[in-house]
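Source file: my_file18.cif. Holds: mmCIF, C-alpha atoms.
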```cif
data_entry
loop_
_atom_site.group_PDB
_atom_site.id
_atom_site.type_symbol
_atom_site.label_atom_id
_atom_site.label_comp_id
_atom_site.auth_asym_id
_atom_site.auth_seq_id
_atom_site.Cartn_x
_atom_site.Cartn_y
_atom_site.Cartn_z
ATOM 1 C CA PRO G 148 -32.689 74.901 11.451
ATOM 2 C CA ARG G 149 -33.923 71.515 12.552
ATOM 3 C CA THR G 150 -32.082 68.337 11.540
ATOM 4 C CA ALA G 151 -34.093 66.395 8.942
ATOM 5 C CA MET G 152 -34.767 62.786 9.937
ATOM 6 C CA ILE G 153 -34.934 60.233 7.126
ATOM 7 C CA LEU G 154 -36.379 56.890 8.176
ATOM 8 C CA VAL G 155 -35.350 53.728 6.348
ATOM 9 C CA TYR G 156 -37.305 50.601 7.204
ATOM 10 C CA GLU G 157 -34.905 47.667 7.141
ATOM 11 C CA PRO G 158 -34.750 45.438 10.225
ATOM 12 C CA SER G 159 -35.334 42.006 8.720
ATOM 13 C CA ALA G 160 -33.315 39.941 6.288
ATOM 14 C CA SER G 161 -36.090 40.064 3.665
ATOM 15 C CA ARG G 162 -36.047 43.859 3.501
ATOM 16 C CA ALA G 163 -32.267 43.958 3.605
ATOM 17 C CA GLN G 164 -32.233 41.627 0.610
ATOM 18 C CA ARG G 165 -34.444 44.096 -1.253
ATOM 19 C CA GLY G 166 -31.801 46.747 -0.788
ATOM 20 C CA SER G 167 -32.892 48.719 2.288
ATOM 21 C CA ARG G 168 -29.548 48.382 4.040
ATOM 22 C CA VAL G 169 -27.565 49.338 0.935
ATOM 23 C CA LEU G 170 -29.918 52.274 0.339
ATOM 24 C CA ALA G 171 -29.542 53.477 3.952
ATOM 25 C CA ASN G 172 -25.750 53.271 3.674
ATOM 26 C CA TRP G 173 -25.874 55.257 0.417
ATOM 27 C CA LEU G 174 -28.154 57.897 1.979
ATOM 28 C CA GLU G 175 -25.764 58.342 4.906
ATOM 29 C CA ALA G 176 -22.799 58.731 2.559
ATOM 30 C CA GLU G 177 -24.686 61.154 0.300
ATOM 31 C CA ILE G 178 -25.836 63.265 3.270
ATOM 32 C CA GLU G 179 -22.241 63.503 4.464
ATOM 33 C CA ARG G 180 -20.918 64.236 0.955
ATOM 34 C CA ARG G 181 -23.439 67.075 0.489
ATOM 35 C CA GLY G 182 -22.958 68.395 4.033
ATOM 36 C CA LEU G 183 -26.688 68.166 4.772
ATOM 37 C CA ASP G 184 -28.239 68.685 8.185
ATOM 38 C CA ALA G 185 -29.978 65.311 8.080
ATOM 39 C CA LYS G 186 -29.754 61.944 9.776
ATOM 40 C CA VAL G 187 -30.756 58.443 8.673
ATOM 41 C CA ASP G 188 -32.629 56.366 11.234
ATOM 42 C CA ARG G 189 -33.043 52.667 10.500
ATOM 43 C CA SER G 190 -36.420 51.630 11.802
ATOM 44 C CA VAL G 191 -38.875 48.761 12.059
ATOM 45 C CA CYS G 192 -41.518 47.931 9.486
ATOM 46 C CA LEU G 193 -44.731 49.934 9.628
ATOM 47 C CA GLY G 194 -46.809 47.748 7.343
ATOM 48 C CA HIS G 195 -45.428 48.681 3.930
ATOM 49 C CA CYS G 196 -42.853 45.901 3.620
ATOM 50 C CA VAL G 197 -44.287 44.423 0.426
ATOM 51 C CA VAL G 198 -43.559 47.681 -1.430
ATOM 52 C CA GLY G 199 -40.061 48.215 0.003
ATOM 53 C CA PRO G 200 -37.504 49.435 0.344
ATOM 54 C CA ASN G 201 -39.396 52.180 2.131
ATOM 55 C CA VAL G 202 -37.995 55.579 3.032
ATOM 56 C CA ARG G 203 -39.743 58.445 4.745
ATOM 57 C CA LEU G 204 -38.732 61.981 5.554
ATOM 58 C CA LEU G 205 -40.131 62.461 9.054
ATOM 59 C CA GLY G 206 -43.402 64.375 8.755
ATOM 60 C CA ALA G 207 -43.808 63.606 5.047
ATOM 61 C CA ASP G 208 -45.061 60.812 2.814
ATOM 62 C CA PHE G 209 -43.395 57.455 2.243
ATOM 63 C CA PHE G 210 -41.212 56.701 -0.749
ATOM 64 C CA HIS G 211 -42.057 53.094 -1.699
ATOM 65 C CA GLU G 212 -39.905 50.845 -3.888
ATOM 66 C CA SER G 213 -37.145 53.354 -3.237
ATOM 67 C CA THR G 214 -34.020 53.593 -5.345
ATOM 68 C CA ARG G 215 -31.140 56.042 -5.403
ATOM 69 C CA GLU G 216 -32.678 57.701 -8.445
ATOM 70 C CA LYS G 217 -36.037 58.150 -6.712
ATOM 71 C CA LEU G 218 -34.382 59.680 -3.627
ATOM 72 C CA ILE G 219 -32.145 62.221 -5.376
ATOM 73 C CA PRO G 220 -34.997 64.806 -5.487
ATOM 74 C CA LEU G 221 -35.450 64.352 -1.708
ATOM 75 C CA LEU G 222 -31.751 65.017 -1.128
ATOM 76 C CA ASP G 223 -31.844 67.946 -3.555
ATOM 77 C CA SER G 224 -34.741 69.515 -1.621
ATOM 78 C CA LEU G 225 -32.879 69.039 1.683
ATOM 79 C CA GLU G 226 -29.824 70.652 0.119
ATOM 80 C CA GLU G 227 -31.950 73.608 -1.030
ATOM 81 C CA ASN G 228 -33.491 73.914 2.452
ATOM 82 C CA ASN G 229 -30.016 73.857 4.030
ATOM 83 C CA ALA G 230 -28.869 76.598 1.644
ATOM 84 C CA ASN G 231 -31.924 78.719 2.515
ATOM 85 C CA GLY G 232 -31.536 78.346 6.281
ATOM 86 C CA GLY G 233 -33.848 75.364 6.823
ATOM 87 C CA PRO G 234 -37.447 74.449 6.141
ATOM 88 C CA LYS G 235 -40.051 77.175 6.387
ATOM 89 C CA SER G 236 -42.621 76.704 9.157
#
```
Write out the structure in this file as structure tokens.
Amino acid sequence: PRTAMILVYEPSASRAQRGSRVLANWLEAEIERRGLDAKVDRSVCLGHCVVGPNVRLLGADFFHESTREKLIPLLDSLEENNANGGPKS
């Protein structure tokens, strides 16, 4: 299976103040706790800063105004994929 890449857009102080950095730290801890084959990549803004924090599973849609609660289904789906041998192509 391929490692899932979760992008968190957080490079500037304004986005960090909205919680992007805290959210990225939480995602990393949750991925480790669940033993998921996933990695968090902190990235530059791609034009959605006003609706941040923004998170994106590489190859999928953005999660805008992200919170832990909004991202739990993403982590749950990654956990299910890991249990089933990875995403289906």
Problem set entry | Distance in Å - atom CA of G:Ser224 versus atom CA of G:Leu183 | 10.4 Å
For this session: Check which residues satisfy the PyMOL selection byres ((chain G and resi 190) around 6) in the file shown, then give them as a PyMOL selection string.
Result: chain G and resi 155-156+189+191
Exercise. Quick one: which residues end up in the PyMOL selection byres ((chain G and resi 185) around 9) for this structure, as a ChimeraX atom specification?
Worked result: /G:149-153,175,178-179,182-184,186-187,225
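When only C-alpha atoms are used to measure the gap to G:Lys217, the shortest distance among G:Asp188, G:Leu154, G:Leu174, G:Val197 belongs to G:Leu174.
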For this session: Using atom CA of G:Ala176 and atom CA of G:Gly194 as the two end points, give the distance in Å to one decimal.
Result: 26.8 Å
Problem set entry | Interatomic distance (Å, one decimal) between atom CA of G:Val169 and atom CA of G:Arg215 |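 That distance, rounded to one decimal, is 9.9 Å.
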Exercise. Which residue, G:Leu218, G:Gly166, G:Ala230, G:Arg180, has the smallest gap to G:Cys196 when you use only C-alpha atoms?
Worked result: G:Gly166
For this session: Tell me which residues the PyMOL selection byres ((chain G and resi 198) around 12) grabs here, as a PyMOL selection string.
Result: chain G and resi 156+161-162+165-167+192-197+199-202+209-214
